[in-house]
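One structure below.
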Amino acid sequence: MKILLTGAAGFIGLHVALRLLERGDEVVGVDNLNDYYDPRLKLARLRLLQAHANFRFVQADISDRLAMEDLFARERFQRVVNLAAQPGVRYSLKNPHAYVQTNLVGFAHILEGCRHTGVEHLVYASSSSVYGANTRMPFSVHDNVDHPLSLYAATKKANELMAHTYSHLYGLPTTGLRYFTVYGPWGRPDMSPWLFTEAILAGRPIDVFNHGRMQRDFTYIDDIAEGTVRVLDRIPAPNSDFDPAQPDPGSSHAPYRVYNIGNHQPVALMDFIRTLEQALGVEAQKNFLPMQPGDVVATYADVDDLRRDVGFEPKTPLHEGLARWVAWFRDYRQKAAV
């Protein structure tokens, strides 16, 4: 298949693109290579992809309407994976306009491109952040998610609503994936695994928010990539049992679905730190801080729908994933220093 993958130089984008290329798909990767974090990391990821004959890179911003219209009209993609987004909960408090421009305006351009060129299936990144103020665990796609705690979360919920509208109006099959705390090789420098690892190896204290009383459903990147590709291959159909008198947020009368992709085994933050310390062979200095605005105390994914519909669920244990992460980080830093 010919597949458009936006955010191709990103963390998840790299791994999903590699899966698609390894099985023989043609991938057109789009990324704006912005400086939200060090572009050199993005360029290094991109070099891995450009080693494949079936990969082509287009530097563009999905919020550029004319660029997206031209790309869709020229390429006529069969399927689309939209991973381009402005990420980060805390940064959304500092620069809200970046989230509106990329996550809302840009996503509208993706939807329009899919609509006008007959794309078979759009898969897009949502986030576990949409669960916001929900406290019932585990988080289920059948739960209401109308109480976001950050603008980032609100834009991801908006993506799901926008996608549903296009599925309803134009019959565009769409699937949203709520990713849960992704970690692993080629990860993002703004996320805790990188921040903790870098600080521990440099002998600096790590910031531990909410005094360590937090839980996250840490999900290894290979599981995320595998789940994403499997979902791409499963085009959603309308739910014939959908009851508009008691609407199910997880499905629809339209060809629309959302799934959680998480390890469904939440880990206490202090246990995560201890496991990372063991992988590094170094004990961390800890700076305990209060809860940060926009954060949630715990995340925990119910993956029953993913297991039932797609036949897949993440399973990589934390100690294995962190050992691979540390090995990659040491190697990357050593090569970057040369």
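As shown in the structure tokens, the chain order sets the letters A, B, ...; within each chain, residues go from 1, and ligands are also counted from 1 in the order they appear.
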
Counting only C-alpha atoms, which residues of range 64-86 of chain A fall within 8 Å of range 110-134 of chain A, and what is the closest atom pair for each with its distance in Å at one decimal, ordered by chain and rising number, as CSV?
residue,atom,partner,partner_atom,distance
A:Met68,CA,A:Gly113,CA,7.0
A:Glu69,CA,A:Gly113,CA,6.1
A:Phe72,CA,A:Gly113,CA,5.6
A:Ala73,CA,A:Thr117,CA,6.7
A:Arg76,CA,A:Thr117,CA,6.2
A:Phe77,CA,A:Val119,CA,6.2
A:Gln78,CA,A:Val119,CA,5.1
A:Arg79,CA,A:His121,CA,5.1
A:Val80,CA,A:Leu122,CA,4.9
A:Val81,CA,A:Val123,CA,4.8
A:Asn82,CA,A:Tyr124,CA,4.5
A:Leu83,CA,A:Ala125,CA,5.4

Any chance you could export the current selection's C-alpha atoms as a short mmCIF file (atom, residue, chain, number, x, y, z; two decimals), in the first residue's frame?
data_model
loop_
_atom_site.label_atom_id
_atom_site.label_comp_id
_atom_site.auth_asym_id
_atom_site.auth_seq_id
_atom_site.Cartn_x
_atom_site.Cartn_y
_atom_site.Cartn_z
CA MET A 68 -1.51 19.34 2.33
CA GLU A 69 -4.03 19.76 -0.49
CA PHE A 72 -3.01 14.47 -1.12
CA ALA A 73 -4.00 15.31 -4.69
CA ARG A 76 -3.50 9.57 -3.79
CA PHE A 77 -2.73 7.65 -0.61
CA GLN A 78 -4.60 4.46 0.24
CA ARG A 79 -4.28 4.89 3.99
CA VAL A 80 -3.09 7.59 6.37
CA VAL A 81 -1.48 7.49 9.81
CA ASN A 82 -1.52 10.93 11.43
CA LEU A 83 1.04 11.14 14.22
#

Open item on the list: Quick one: residues within 6 Å of His253 in chain A, only C-alpha atoms, excluding same-chain residues fewer than 3 positions away - as a list of chain:residue names?
Closed with: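 Answer for this query is A:Pro238, A:Asn239, A:Phe242.
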
TODO: Using backbone DSSP assignments, extract all helix (DSSP H, G or I) residues from range 99-217 of chain A; output them as a count of residues only.
DONE: 58

Which residues are near Arg136 in chain A? Cut-off 12 Å, only C-alpha atoms, ignore same chain within fewer than 3 positions. Put them as a tab-separated table (two decimals) with N, CA, C and O atoms, in the first residue's frame.
chain	number	residue	atom	x	y	z
A	131	TYR	N	-8.65	11.27	29.22
A	131	TYR	CA	-9.42	10.81	30.38
A	131	TYR	C	-9.47	11.86	31.48
A	131	TYR	O	-10.35	11.82	32.34
A	132	GLY	N	-8.52	12.78	31.48
A	132	GLY	CA	-8.59	13.96	32.33
A	132	GLY	C	-8.94	13.69	33.78
A	132	GLY	O	-8.22	13.00	34.49
A	133	ALA	N	-10.08	14.22	34.20
A	133	ALA	CA	-10.48	14.13	35.61
A	133	ALA	C	-11.10	12.78	35.97
A	133	ALA	O	-11.47	12.56	37.13
A	139	PHE	N	-9.09	2.93	32.71
A	139	PHE	CA	-9.77	3.80	31.77
A	139	PHE	C	-10.30	2.98	30.60
A	139	PHE	O	-9.58	2.21	29.99
A	140	SER	N	-11.56	3.18	30.28
A	140	SER	CA	-12.21	2.44	29.19
A	140	SER	C	-12.65	3.39	28.09
A	140	SER	O	-13.10	4.52	28.37
A	141	VAL	N	-12.56	2.94	26.85
A	141	VAL	CA	-13.03	3.75	25.72
A	141	VAL	C	-14.54	3.94	25.77
A	141	VAL	O	-15.08	4.78	25.05
A	142	HIS	N	-15.21	3.20	26.61
A	142	HIS	CA	-16.66	3.34	26.74
A	142	HIS	C	-17.05	4.36	27.82
A	142	HIS	O	-18.23	4.59	28.05
A	143	ASP	N	-16.04	4.96	28.46
A	143	ASP	CA	-16.29	5.99	29.46
A	143	ASP	C	-16.42	7.35	28.80
A	143	ASP	O	-15.79	7.63	27.78
A	144	ASN	N	-17.20	8.21	29.42
A	144	ASN	CA	-17.28	9.60	28.99
A	144	ASN	C	-15.94	10.30	29.28
A	144	ASN	O	-15.34	10.09	30.33
A	145	VAL	N	-15.49	11.13	28.33
A	145	VAL	CA	-14.21	11.85	28.52
A	145	VAL	C	-14.41	13.34	28.23
A	145	VAL	O	-13.76	13.90	27.36
A	297	VAL	N	-3.03	11.95	38.44
A	297	VAL	CA	-2.35	11.10	39.42
A	297	VAL	C	-2.02	9.73	38.84
A	297	VAL	O	-0.96	9.17	39.09
A	298	ALA	N	-2.94	9.16	38.04
A	298	ALA	CA	-2.74	7.79	37.58
A	298	ALA	C	-3.33	7.60	36.19
A	298	ALA	O	-4.30	8.26	35.81
A	299	THR	N	-2.73	6.68	35.43
A	299	THR	CA	-3.31	6.21	34.17
A	299	THR	C	-3.26	4.68	34.16
A	299	THR	O	-2.33	4.08	34.69
A	300	TYR	N	-4.28	4.08	33.54
A	300	TYR	CA	-4.40	2.62	33.53
A	300	TYR	C	-5.34	2.27	32.39
A	300	TYR	O	-6.51	2.64	32.39
A	301	ALA	N	-4.83	1.54	31.40
A	301	ALA	CA	-5.58	1.27	30.17
A	301	ALA	C	-6.36	-0.03	30.24
A	301	ALA	O	-5.81	-1.08	30.56
A	302	ASP	N	-7.64	0.07	29.91
A	302	ASP	CA	-8.45	-1.12	29.61
A	302	ASP	C	-8.28	-1.39	28.12
A	302	ASP	O	-8.65	-0.57	27.28

Proximity check range 82-183 of chain A to range 215-235 of chain A, 6 Å, nearest pairs one decimal Å, only C-alpha atoms, as JSON lines:
{"residue": "A:Phe180", "atom": "CA", "partner": "A:Asp217", "partner_atom": "CA", "distance": 5.9}
{"residue": "A:Thr181", "atom": "CA", "partner": "A:Phe218", "partner_atom": "CA", "distance": 4.9}
{"residue": "A:Val182", "atom": "CA", "partner": "A:Thr219", "partner_atom": "CA", "distance": 4.9}
{"residue": "A:Tyr183", "atom": "CA", "partner": "A:Tyr220", "partner_atom": "CA", "distance": 5.3}

Grab the residues selected above and save them as a compact mmCIF listing (two decimals), in the first residue's frame with C-alpha atoms.
# COMPACT_ATOMS: atom_id res chain seq x y z
CA PHE A 180 -0.42 5.51 27.25
CA THR A 181 3.02 6.85 28.38
CA VAL A 182 5.23 5.56 25.59
CA TYR A 183 8.94 4.88 26.24

Task: Contacts of range 266-275 of chain A at 12 Å (only C-alpha atoms; same-chain gap of 2+ positions) as a PyMOL selection string - done: chain A and resi 137-139+180-181+183+192-197+200+206-219+262-264+277-286+288+297-302+317-323+325-326
